[in-house]
Amino acid sequence: MKGFRYLEGVATLELDTARCIGCGRCVEVCPHQVFRVEGKKAVVVDRDACMECGACALNCPPAALKVDAGVGCASGMIHEWLREKKLPGFSGGGCCG
Amino acid sequence: MRWVAAGSGRAPQIGGTLTLADHLGACLARWGINRMTFMVPPGLYAIGAPDSEAPVVVTANYKMSYDIVRRALCGRNVWLLVLETYGINVWCAAGKGTFGTGELVRRIENTGLAQVVSHRRLILPILGAAGVSAHRVKQRCGFEVAYATVRAADLPAYLDQGAATPAMRELRFNWYDRLVLVPVELVLAAKPVLPVTALVYLVARLFWSADVAAAAALALLGAVFTGIAVGPLLLPLLPGRSFAVKGALAGVVYCALLYALAGGAGWGVAATLGCFLALPAVSSFYTLNFTGCTTYTSKSGVKKEMRLGLPVMAAALGAALFIVVAGRLLV
Ligand code: SF4
Ligand code: SF4
């Protein structure tokens, strides 16, 4: 995104080029212009821009894309951790209202 | 309410102009007030007088999303299919899966959309793609999904051209986009922050004086505000990529201002050290928390920041506490 870059080298996005049929859905859905289709195959041109929303993987017909999708939200993760450890947390917080 | 014939049934016709009540409701919702009742019933609506050839635009039943879409499409003949997202906007609902394949297919069946329109094409917002799987929708009900634009304001241009330009597909995150997110974050933070502040006030009151207690409580609230409002608003100006670092830097600047303007020279060593350790840690946490509101931070990135950042924040808070208590006992 113009003017905003997040941490480098953390995105979990994976493209299996052998499976890709070059349909271009990933280019259509990615709001961060991570992909381009070149010669009937998708290529990842900007992996670090990926926010792991999961839209590309969900919409790739042959399932050539994989990403560990989720909302990056600190308070949500803390609550998840506390729940996993069965510790009571202060409620409220959460992401996205 | 006026109705438009829709297949064998009818659909309510909606206007494109927003009333004062619409704007007021939007304002309150920004502060988290009445947010949950700020929704429209899901279903099929008519904008103008759409016929069986008219395009079908899909949106969430968060009233603000719905209002923006119907205003953008004012003066056109379009079907608007509103999904049940429990009053949550498209982006967040897609992440939660309520703006999803299942709900879309269900709503198409419930409204009898296949009888209302002769074509098989749905227009969805790009940010809804995180919840909807286009090829599964096609498999299950025959409708083709096109992801149009990021912003509803670009919908008219999209409808005219039949395709999106690169600019229409690009997510942006300007100053105003960030500003409108701040109020509800403040309201959410108030719940844990107010009791903690009260506790700090009581303890300081007990062991020091009323003045010190008030100063400590205000300083803490200021640090929270710095983390929630100042950090996000100055996001592109603060150096680095890590939100925790950005927040900590905003907190240090806040401390320095406090020191300069609130008579820091008279604080004493312990209080000064405590201040510079604890307050940036608080700001840092709340700016890191803002990653949940942005549209460019990844889960893996936030995890990494938390793994590295939370121990540092906890250590800073612990050290501050230790120094202040030690200072009290020794003097
Ligand atoms: S959506 Fe999947 S198959 Fe289509 S171009 Fe992208 S990676 Fe290839
Ligand atoms: S997960 Fe989202 S941001 Fe990342 S490449 Fe896929 S569509 Fe783009």
# chains A, B, ... in the order shown; residues from 1 in each chain; ligands from 1

call {"tool": "residues_around", "arguments": {"residues": "Ile47 (chain B)", "least_positions_apart": "3", "cutoff": "12 Å", "atoms": "only C-alpha atoms", "output": "NGL selection string"}}
result
:B and (2-4 or 11-17 or 44 or 50-51 or 54-57 or 66-67 or 69-81)

call {"tool": "residues_near_ligand", "arguments": {"ligand": "ligand 1", "cutoff": "8 Å", "atoms": "only C-alpha atoms and all ligand atoms", "output": "ChimeraX atom specification"}}
result
/A:15-17,19-27,35,37,40-43,56-57,59-65

call {"tool": "closest_atom_pairs", "arguments": {"of": "chain A", "to": "ligand 2", "cutoff": "10 Å", "atoms": "only C-alpha atoms and all ligand atoms", "output": "JSON lines"}}
result
{"residue": "A:Ala11", "atom": "CA", "partner": "ligand 2", "partner_atom_place_in_ligand_line": "4 (Fe)", "distance": 7.8}
{"residue": "A:Thr12", "atom": "CA", "partner": "ligand 2", "partner_atom_place_in_ligand_line": "4 (Fe)", "distance": 8.6}
{"residue": "A:Leu13", "atom": "CA", "partner": "ligand 2", "partner_atom_place_in_ligand_line": "4 (Fe)", "distance": 6.6}
{"residue": "A:Glu14", "atom": "CA", "partner": "ligand 2", "partner_atom_place_in_ligand_line": "5 (S)", "distance": 9.0}
{"residue": "A:Leu15", "atom": "CA", "partner": "ligand 2", "partner_atom_place_in_ligand_line": "5 (S)", "distance": 9.6}
{"residue": "A:Arg25", "atom": "CA", "partner": "ligand 2", "partner_atom_place_in_ligand_line": "7 (S)", "distance": 9.6}
{"residue": "A:Cys26", "atom": "CA", "partner": "ligand 2", "partner_atom_place_in_ligand_line": "7 (S)", "distance": 6.4}
{"residue": "A:Val27", "atom": "CA", "partner": "ligand 2", "partner_atom_place_in_ligand_line": "7 (S)", "distance": 8.0}
{"residue": "A:Glu28", "atom": "CA", "partner": "ligand 2", "partner_atom_place_in_ligand_line": "7 (S)", "distance": 8.7}
{"residue": "A:Val29", "atom": "CA", "partner": "ligand 2", "partner_atom_place_in_ligand_line": "7 (S)", "distance": 5.8}
{"residue": "A:Cys30", "atom": "CA", "partner": "ligand 2", "partner_atom_place_in_ligand_line": "7 (S)", "distance": 3.6}
{"residue": "A:Pro31", "atom": "CA", "partner": "ligand 2", "partner_atom_place_in_ligand_line": "8 (Fe)", "distance": 6.0}
{"residue": "A:His32", "atom": "CA", "partner": "ligand 2", "partner_atom_place_in_ligand_line": "3 (S)", "distance": 5.5}
{"residue": "A:Gln33", "atom": "CA", "partner": "ligand 2", "partner_atom_place_in_ligand_line": "8 (Fe)", "distance": 6.6}
{"residue": "A:Val34", "atom": "CA", "partner": "ligand 2", "partner_atom_place_in_ligand_line": "5 (S)", "distance": 5.2}
{"residue": "A:Phe35", "atom": "CA", "partner": "ligand 2", "partner_atom_place_in_ligand_line": "5 (S)", "distance": 7.0}
{"residue": "A:Val44", "atom": "CA", "partner": "ligand 2", "partner_atom_place_in_ligand_line": "5 (S)", "distance": 8.0}
{"residue": "A:Val45", "atom": "CA", "partner": "ligand 2", "partner_atom_place_in_ligand_line": "5 (S)", "distance": 9.8}
{"residue": "A:Asp46", "atom": "CA", "partner": "ligand 2", "partner_atom_place_in_ligand_line": "5 (S)", "distance": 8.4}
{"residue": "A:Arg47", "atom": "CA", "partner": "ligand 2", "partner_atom_place_in_ligand_line": "5 (S)", "distance": 7.0}
{"residue": "A:Asp48", "atom": "CA", "partner": "ligand 2", "partner_atom_place_in_ligand_line": "4 (Fe)", "distance": 8.7}
{"residue": "A:Ala49", "atom": "CA", "partner": "ligand 2", "partner_atom_place_in_ligand_line": "3 (S)", "distance": 6.7}
{"residue": "A:Cys50", "atom": "CA", "partner": "ligand 2", "partner_atom_place_in_ligand_line": "4 (Fe)", "distance": 3.6}
{"residue": "A:Met51", "atom": "CA", "partner": "ligand 2", "partner_atom_place_in_ligand_line": "3 (S)", "distance": 4.3}
{"residue": "A:Glu52", "atom": "CA", "partner": "ligand 2", "partner_atom_place_in_ligand_line": "1 (S)", "distance": 3.7}
{"residue": "A:Cys53", "atom": "CA", "partner": "ligand 2", "partner_atom_place_in_ligand_line": "2 (Fe)", "distance": 4.0}
{"residue": "A:Gly54", "atom": "CA", "partner": "ligand 2", "partner_atom_place_in_ligand_line": "1 (S)", "distance": 3.9}
{"residue": "A:Ala55", "atom": "CA", "partner": "ligand 2", "partner_atom_place_in_ligand_line": "7 (S)", "distance": 4.4}
{"residue": "A:Cys56", "atom": "CA", "partner": "ligand 2", "partner_atom_place_in_ligand_line": "6 (Fe)", "distance": 4.2}
{"residue": "A:Ala57", "atom": "CA", "partner": "ligand 2", "partner_atom_place_in_ligand_line": "6 (Fe)", "distance": 6.3}
{"residue": "A:Leu58", "atom": "CA", "partner": "ligand 2", "partner_atom_place_in_ligand_line": "6 (Fe)", "distance": 8.7}
{"residue": "A:Asn59", "atom": "CA", "partner": "ligand 2", "partner_atom_place_in_ligand_line": "7 (S)", "distance": 9.0}
{"residue": "A:Cys60", "atom": "CA", "partner": "ligand 2", "partner_atom_place_in_ligand_line": "6 (Fe)", "distance": 9.8}
{"residue": "A:Leu65", "atom": "CA", "partner": "ligand 2", "partner_atom_place_in_ligand_line": "6 (Fe)", "distance": 8.1}
{"residue": "A:Lys66", "atom": "CA", "partner": "ligand 2", "partner_atom_place_in_ligand_line": "1 (S)", "distance": 8.3}
{"residue": "A:Val67", "atom": "CA", "partner": "ligand 2", "partner_atom_place_in_ligand_line": "1 (S)", "distance": 6.1}
{"residue": "A:Asp68", "atom": "CA", "partner": "ligand 2", "partner_atom_place_in_ligand_line": "1 (S)", "distance": 8.1}
{"residue": "A:Ala69", "atom": "CA", "partner": "ligand 2", "partner_atom_place_in_ligand_line": "1 (S)", "distance": 6.6}
{"residue": "A:Gly70", "atom": "CA", "partner": "ligand 2", "partner_atom_place_in_ligand_line": "1 (S)", "distance": 9.0}

call {"tool": "interface_residues", "arguments": {"of": "chain B", "to": "chain A", "cutoff": "6 Å", "atoms": "only C-alpha atoms", "output": "list of chain:residue names"}}
result
B:Cys92, B:Ile126, B:Ala129, B:Ala130, B:Ser133, B:Ala134, B:Arg169, B:Glu170, B:Leu171, B:Leu188, B:Arg241, B:Asn289, B:Thr291, B:Gly292, B:Tyr296, B:Thr297, B:Ser298, B:Lys299, B:Ser300, B:Gly301, B:Val302

call {"tool": "write_last_selection", "arguments": {"atoms": "N, CA, C and O atoms", "output": "compact mmCIF listing (two decimals), in the first residue's frame"}}
result
# COMPACT_ATOMS: atom_id res chain seq x y z
N CYS B 92 -14.63 -6.59 8.00
CA CYS B 92 -14.58 -7.36 9.24
C CYS B 92 -15.45 -8.61 9.15
O CYS B 92 -15.09 -9.67 9.65
N ILE B 126 -14.37 -5.78 -3.29
CA ILE B 126 -13.14 -6.56 -3.26
C ILE B 126 -12.82 -7.04 -1.84
O ILE B 126 -12.40 -8.17 -1.63
N ALA B 129 -13.90 -10.46 -0.61
CA ALA B 129 -13.32 -11.68 -1.17
C ALA B 129 -12.67 -12.55 -0.09
O ALA B 129 -12.47 -13.74 -0.29
N ALA B 130 -12.32 -11.94 1.05
CA ALA B 130 -11.70 -12.72 2.12
C ALA B 130 -12.70 -13.68 2.76
O ALA B 130 -12.31 -14.57 3.51
N SER B 133 -15.95 -17.40 -1.63
CA SER B 133 -15.20 -18.16 -2.61
C SER B 133 -16.00 -18.18 -3.91
O SER B 133 -17.04 -18.84 -4.00
N ALA B 134 -15.54 -17.41 -4.89
CA ALA B 134 -16.31 -17.22 -6.12
C ALA B 134 -16.66 -18.53 -6.82
O ALA B 134 -17.80 -18.74 -7.22
N ARG B 169 -8.83 -0.83 -7.51
CA ARG B 169 -8.55 -2.08 -6.80
C ARG B 169 -7.59 -1.89 -5.65
O ARG B 169 -7.31 -2.82 -4.91
N GLU B 170 -7.03 -0.70 -5.55
CA GLU B 170 -5.97 -0.49 -4.59
C GLU B 170 -6.52 0.02 -3.27
O GLU B 170 -7.30 0.95 -3.23
N LEU B 171 -6.08 -0.64 -2.22
CA LEU B 171 -6.49 -0.23 -0.89
C LEU B 171 -5.65 0.96 -0.46
O LEU B 171 -4.45 0.97 -0.65
N LEU B 188 -13.46 1.27 23.55
CA LEU B 188 -13.12 -0.12 23.91
C LEU B 188 -12.04 -0.16 24.99
O LEU B 188 -12.09 -1.00 25.89
N ARG B 241 8.87 0.20 10.90
CA ARG B 241 7.69 -0.50 10.39
C ARG B 241 6.90 -1.12 11.50
O ARG B 241 5.72 -1.41 11.35
N ASN B 289 -1.83 -2.50 19.26
CA ASN B 289 -3.20 -2.99 19.21
C ASN B 289 -3.95 -2.45 17.99
O ASN B 289 -4.89 -3.06 17.51
N THR B 291 -3.07 -2.44 15.09
CA THR B 291 -2.89 -3.31 13.92
C THR B 291 -4.18 -4.03 13.57
O THR B 291 -4.39 -4.39 12.41
N GLY B 292 -5.04 -4.25 14.58
CA GLY B 292 -6.32 -4.91 14.33
C GLY B 292 -7.23 -4.07 13.44
O GLY B 292 -8.16 -4.58 12.83
N TYR B 296 -3.30 -3.37 6.35
CA TYR B 296 -2.06 -3.80 5.69
C TYR B 296 -1.15 -4.60 6.60
O TYR B 296 -0.07 -5.00 6.18
N THR B 297 -1.59 -4.84 7.84
CA THR B 297 -0.75 -5.62 8.75
C THR B 297 -1.18 -7.08 8.71
O THR B 297 -2.36 -7.39 8.70
N SER B 298 -0.21 -7.98 8.71
CA SER B 298 -0.51 -9.41 8.64
C SER B 298 -0.50 -10.03 10.03
O SER B 298 0.14 -9.52 10.94
N LYS B 299 -1.21 -11.13 10.15
CA LYS B 299 -1.25 -11.85 11.41
C LYS B 299 0.15 -12.29 11.84
O LYS B 299 0.53 -12.13 13.00
N SER B 300 0.91 -12.81 10.88
CA SER B 300 2.27 -13.27 11.21
C SER B 300 3.13 -12.11 11.71
O SER B 300 3.95 -12.29 12.61
N GLY B 301 2.95 -10.94 11.11
CA GLY B 301 3.73 -9.78 11.53
C GLY B 301 3.38 -9.36 12.95
O GLY B 301 4.26 -9.09 13.76
N VAL B 302 2.09 -9.33 13.24
CA VAL B 302 1.66 -8.92 14.57
C VAL B 302 2.13 -9.93 15.61
O VAL B 302 2.58 -9.57 16.70

call {"tool": "atom_distance", "arguments": {"atom1": "CA of Leu310 (chain B)", "atom2": "CA of Ala250 (chain B)"}}
result
16.9 Å

call {"tool": "select_by_dssp", "arguments": {"residues": "region 102-243 of chain B", "states": "strand (DSSP E)", "output": "PyMOL selection string"}}
result
chain B and resi 121-124+144-147

call {"tool": "atom_distance", "arguments": {"atom1": "CA of Gly251 (chain B)", "atom2": "CA of Arg172 (chain B)"}}
result
26.2 Å

call {"tool": "closest_residue", "arguments": {"among": "B:Ala5, B:Leu220, B:Leu330, B:Val40", "to": "Ser65 (chain B)", "atoms": "only C-alpha atoms"}}
result
B:Val40

call {"tool": "select_by_dssp", "arguments": {"residues": "region 192-308 of chain B", "states": "helix (DSSP H, G or I)", "output": "ChimeraX atom specification"}}
result
/B:192-207,210-233,243-261,264-266,269-293,299-308
